[in-house]
Amino acid sequence: MNRHERGLEFKVGAFVFVGLAMLGALVVQFGRLGEGFRTYYPLTVRFTDASGLLKGSDVLLAGAKIGKVSGGPR
């Protein structure tokens, strides 16, 4: 194998490595594959005392934002 072929193999290997690293970074950044295609659904909750709960407030689950309050008392 001559010097030119080794250089070409190195470039191809580096390109593949960088591409896989970028793909891995995207998966880590945006979560599981296909998560963007999941369906969302409304959830109705009734509280005996909802003082301080305002329309538009964030809804958190274990510290992660999972939605917003869309309605108020009826």
# chains A, B, ... in the order shown; residues from 1 in each chain; ligands from 1
$ select_by_dssp --residues "chain A" --states "strand (DSSP E)" --output "PyMOL selection string"
chain A and resi 58-61+64-68
$ write_last_selection --atoms "N, CA and C atoms" --output "compact mmCIF listing (two decimals), in the first residue's frame"
# COMPACT_ATOMS: atom_id res chain seq x y z
N ASP A 58 -46.31 27.10 33.14
CA ASP A 58 -45.68 25.84 32.73
C ASP A 58 -46.14 24.70 33.63
N VAL A 59 -46.29 23.51 33.04
CA VAL A 59 -46.57 22.29 33.79
C VAL A 59 -45.28 21.50 33.81
N LEU A 60 -44.83 21.13 35.02
CA LEU A 60 -43.57 20.42 35.18
C LEU A 60 -43.81 19.02 35.72
N LEU A 61 -43.01 18.07 35.28
CA LEU A 61 -43.01 16.71 35.80
C LEU A 61 -41.57 16.36 36.10
N ALA A 64 -39.06 18.75 34.61
CA ALA A 64 -39.02 18.93 33.15
C ALA A 64 -40.35 19.52 32.67
N LYS A 65 -40.27 20.50 31.79
CA LYS A 65 -41.48 21.13 31.25
C LYS A 65 -42.17 20.15 30.32
N ILE A 66 -43.45 19.86 30.62
CA ILE A 66 -44.20 18.92 29.79
C ILE A 66 -45.44 19.55 29.18
N GLY A 67 -45.72 20.81 29.49
CA GLY A 67 -46.89 21.45 28.91
C GLY A 67 -47.16 22.80 29.52
N LYS A 68 -48.35 23.31 29.25
CA LYS A 68 -48.79 24.61 29.77
C LYS A 68 -50.23 24.49 30.25
$ select_by_dssp --residues "chain A" --states "helix (DSSP H, G or I)" --output "short mmCIF file (atom, residue, chain, number, x, y, z; two decimals) with C-alpha atoms, in the first residue's frame"
data_model
loop_
_atom_site.label_atom_id
_atom_site.label_comp_id
_atom_site.auth_asym_id
_atom_site.auth_seq_id
_atom_site.Cartn_x
_atom_site.Cartn_y
_atom_site.Cartn_z
CA ARG A 3 1.51 6.61 0.79
CA HIS A 4 -1.33 8.06 -1.34
CA GLU A 5 -3.69 5.17 -0.53
CA ARG A 6 -2.99 5.46 3.21
CA GLY A 7 -3.72 9.18 3.10
CA LEU A 8 -7.00 8.55 1.29
CA GLU A 9 -8.02 5.87 3.81
CA PHE A 10 -7.25 8.24 6.67
CA LYS A 11 -9.38 10.99 5.14
CA VAL A 12 -12.31 8.64 4.56
CA GLY A 13 -12.03 7.26 8.10
CA ALA A 14 -11.88 10.75 9.59
CA PHE A 15 -14.92 11.82 7.55
CA VAL A 16 -16.93 8.79 8.71
CA PHE A 17 -15.85 9.32 12.33
CA VAL A 18 -16.84 12.99 12.31
CA GLY A 19 -20.18 12.15 10.70
CA LEU A 20 -20.98 9.50 13.30
CA ALA A 21 -19.91 11.83 16.11
CA MET A 22 -22.25 14.54 14.78
CA LEU A 23 -25.11 12.05 14.49
CA GLY A 24 -24.51 10.91 18.06
CA ALA A 25 -24.47 14.50 19.28
CA LEU A 26 -27.81 15.17 17.56
CA VAL A 27 -29.38 12.09 19.15
CA VAL A 28 -28.17 13.19 22.58
CA GLN A 29 -29.30 16.78 21.99
CA PHE A 30 -32.80 16.00 20.76
CA GLU A 35 -39.78 11.51 19.66
CA GLY A 36 -40.70 14.46 17.48
CA PHE A 37 -43.37 12.35 15.79
#
$ atom_distance --atom1 "atom CA of A:Gly31" --atom2 "atom CA of A:Gly56"
25.1 Å
$ atom_distance --atom1 "atom CA of A:Ser70" --atom2 "atom CA of A:Lys55"
5.4 Å
$ atom_distance --atom1 "atom CA of A:Ala62" --atom2 "atom CA of A:Asp49"
21.0 Å
